[in-house]
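To keep things clear, I will list the structure first and then write my remarks on it.
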Amino acid sequence: MISKGFLTGCIGAALLAAGSAQAQFYVRADGAYSKTVRADFQDTDPSAGVFLISGNAAGTATGQLDDYGKGVAVSVGAGTRFAPSGRADITLAYRKYKLDQSDKFNPPTKFTADITSLALMGNLYLEFSEGGVTPYIGGSVGAAQNRIGDLSFDLAGIQGTVTGDTKLGFAWGATFGFSFPMASHFAFDIAYRYMDLGDIQTKTDLTFGGVALPYGGASGHLRVHELAAGFRF
């Protein structure tokens with residue numbers, strides 16, 4: 001679990017940077033197409049009694065689900081330019097995905113769940129020109145609260161559920177983009193982002209065909225590639 005002191009320090013440092021030069025203060029809003037990758041969503045403890053995600057047709061080995069599908073991200077933030085080629089901001093981003101995957105069992109077990117993430121990030125950017133179209137790179141650190149709703153599954157027409165859960169943890173990211181000035185103190189940004197938003201986990205409450213069974217839960221990671229566009233003003 002990420003410490004409260006560490007989070008407070010990160011957020012406080014970003015706020016200090018954001019407020020250090022009022023003449024350069026800006027606000028921002030962004031939207032992004034977001035695709036999850038390398039989810040590694042699998043049974044947390046297959047020895048607990050039941051393993052749910054099969055890695056082969058015979059159901060004799062555990063498996064994993066590779067992603068949570070595609071989704072959207074929206075964010076708002078505020079920041080400042082602290083040097084001719086440097087700026088920093090704080091953003092709050094909301095992301096939503098729909099897990100809809102099947103394992104390798106024969107017949108396959110189909111899994112569905114809603115997944116959301118709320119991330120508070122401190123971001124630092126280095127720009128490579130002044131005026132005109134400006135390429136830039138950036139790095140981000142912060143915290144994300146990831147929630148998976150009840151995990152529903154269907155095996156040969158028999159349905160079951162695993163209770164969802166919420167997980168708070170460390171998050172980080174990297175950005176490469178271009179800034180297009182459109183007017184004084186107004187710019188359009190387009191960027192690629194990679195974000196590692198930490199872990200996702202379910203609880204251990206499982207029912208199958210109306211019968212409660214022992215289960216160790218399931219867990220994975222929330223990693224995303226994003227194409228983002230937005231405005232700074």
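The way I read the labels, and the way they are meant: chains A, B, ... in the order of the structure tokens, residue 1 as the first residue of every chain, and ligand 1 as the first ligand shown, with later ones counted on from there.
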
Residues near Tyr125 (chain A), cut-off 10 Å, only C-alpha atoms, skip fewer than 4 positions along chain, as a PyMOL selection string: chain A and resi 81+85-89+136-140+174-177

Quick one: residues within 10 Å of Lys203 (chain A), only C-alpha atoms counted, chain neighbours fewer than 5 positions away excluded, as a compact mmCIF listing (two decimals) with N, CA and C atoms, in the first residue's frame?
# COMPACT_ATOMS: atom_id res chain seq x y z
N ILE A 148 -12.88 -2.65 -9.93
CA ILE A 148 -13.52 -3.61 -10.81
C ILE A 148 -14.87 -3.95 -10.19
N ASP A 150 -18.52 -6.21 -10.05
CA ASP A 150 -18.69 -7.66 -9.92
C ASP A 150 -18.29 -8.36 -11.22
N LEU A 151 -17.43 -9.36 -11.10
CA LEU A 151 -16.96 -10.13 -12.24
C LEU A 151 -17.96 -11.24 -12.53
N VAL A 162 -18.13 -13.07 -9.11
CA VAL A 162 -17.14 -12.81 -8.07
C VAL A 162 -17.31 -11.34 -7.68
N THR A 163 -17.38 -11.06 -6.38
CA THR A 163 -17.59 -9.69 -5.93
C THR A 163 -16.39 -8.82 -6.28
N GLY A 164 -16.66 -7.63 -6.82
CA GLY A 164 -15.60 -6.70 -7.20
C GLY A 164 -14.98 -6.02 -5.99
N ASP A 165 -13.93 -5.22 -6.26
CA ASP A 165 -13.21 -4.56 -5.17
C ASP A 165 -12.52 -3.31 -5.71
N THR A 166 -11.98 -2.49 -4.80
CA THR A 166 -11.27 -1.26 -5.13
C THR A 166 -9.86 -1.33 -4.57
N TYR A 215 -12.79 -19.51 -2.79
CA TYR A 215 -12.06 -18.89 -3.89
C TYR A 215 -11.04 -17.91 -3.33
N GLY A 216 -9.89 -17.84 -3.97
CA GLY A 216 -8.82 -16.96 -3.51
C GLY A 216 -8.81 -15.59 -4.14
N GLY A 217 -9.78 -15.31 -5.04
CA GLY A 217 -9.84 -14.01 -5.71
C GLY A 217 -9.04 -13.99 -6.99
N ALA A 218 -9.17 -12.89 -7.73
CA ALA A 218 -8.42 -12.69 -8.98
C ALA A 218 -7.82 -11.29 -8.95
N SER A 219 -6.68 -11.12 -9.63
CA SER A 219 -6.02 -9.82 -9.64
C SER A 219 -5.23 -9.66 -10.93

If you count only C-alpha atoms, which residues fall within 7 Å of region 49-58 of chain A, apart from same-chain ones fewer than 3 positions away, as a list in words?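 My reading of the contact set: Gln42, Asp43, Pro46, Ala61, Thr62, Gly63, Gln64, Asp103, Lys104, Phe105, Asn106, Pro214 and Tyr215 of chain A.
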
Now that the selection is made, can you save its residues with C-alpha atoms as a PDB file, in the first residue's frame?
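Result file is part.pdb:
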ATOM      1  CA  GLN A  42      -5.483 -14.283 -13.181  1.00  0.00           C
ATOM      2  CA  ASP A  43      -6.461 -16.267 -10.118  1.00  0.00           C
ATOM      3  CA  PRO A  46      -5.418 -21.185  -7.255  1.00  0.00           C
ATOM      4  CA  ALA A  61      -3.830 -25.333 -15.719  1.00  0.00           C
ATOM      5  CA  THR A  62      -4.458 -21.772 -14.636  1.00  0.00           C
ATOM      6  CA  GLY A  63      -4.513 -19.038 -17.256  1.00  0.00           C
ATOM      7  CA  GLN A  64      -4.888 -15.296 -17.553  1.00  0.00           C
ATOM      8  CA  ASP A 103     -10.335 -18.125 -21.252  1.00  0.00           C
ATOM      9  CA  LYS A 104      -8.935 -21.228 -23.011  1.00  0.00           C
ATOM     10  CA  PHE A 105     -11.215 -23.823 -21.444  1.00  0.00           C
ATOM     11  CA  ASN A 106     -13.376 -25.979 -23.756  1.00  0.00           C
ATOM     12  CA  PRO A 214     -14.177 -21.219  -1.776  1.00  0.00           C
ATOM     13  CA  TYR A 215     -12.060 -18.892  -3.895  1.00  0.00           C
TER      14      TYR A 215
END

Any chance you could list, as a PyMOL selection string, the residues in region 129-229 of chain A that come up strand (DSSP E or B) when DSSP is run on the backbone? chain A and resi 134-148+151-155+158-162+165-183+186-201+206-208+211-213+218-229

Point out the residue among A:Leu155, A:Ala144, A:Ala93, A:Ala32 with the least atom-to-atom distance to Ile200 (chain A), counting only C-alpha atoms.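 Nearest to Ile200 (chain A): A:Ala144.
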
Could you give me, as a PDB file with C-alpha atoms, in the first residue's frame, the residues within 10 Å of Val76 (chain A), counting only C-alpha atoms and dropping anything in the same chain fewer than 4 positions from it?
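result-v5.pdb, freshly written:
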ATOM      1  CA  VAL A  27      -5.527  25.118 -16.884  1.00  0.00           C
ATOM      2  CA  ARG A  28      -6.044  22.136 -19.160  1.00  0.00           C
ATOM      3  CA  ALA A  29      -8.632  19.609 -20.293  1.00  0.00           C
ATOM      4  CA  ASP A  30      -7.972  16.410 -22.262  1.00  0.00           C
ATOM      5  CA  GLY A  31      -9.716  13.409 -23.728  1.00  0.00           C
ATOM      6  CA  ILE A  90      -1.402  18.334 -11.737  1.00  0.00           C
ATOM      7  CA  THR A  91      -4.147  16.307 -13.422  1.00  0.00           C
ATOM      8  CA  LEU A  92      -7.126  14.312 -12.263  1.00  0.00           C
ATOM      9  CA  ALA A  93      -8.138  11.646 -14.804  1.00  0.00           C
ATOM     10  CA  TYR A  94     -11.093   9.266 -15.013  1.00  0.00           C
ATOM     11  CA  GLY A 230      -6.723  18.582 -25.391  1.00  0.00           C
ATOM     12  CA  PHE A 231      -6.377  22.294 -24.761  1.00  0.00           C
ATOM     13  CA  ARG A 232      -4.261  24.457 -22.456  1.00  0.00           C
TER      14      ARG A 232
END

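Near Asp196 (chain A), within 9 Å and counting only C-alpha atoms, sit Phe170, Ala171, Trp172, Gly173, Asp199, His221, Leu222, Arg223 and Val224 of chain A, not including residues fewer than 3 positions from it in the same chain.
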
Find the residue from A:Tyr97, A:Phe153, A:Phe82, A:Tyr33 that sits nearest to Leu124 (chain A); use only C-alpha atoms when measuring.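 Of A:Tyr97, A:Phe153, A:Phe82, A:Tyr33, the one nearest Leu124 (chain A) is A:Phe82, counting only C-alpha atoms.
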
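Across the model, the gap from CA of Asp66 (chain A) to CA of Ala156 (chain A) is 21.7 Å.
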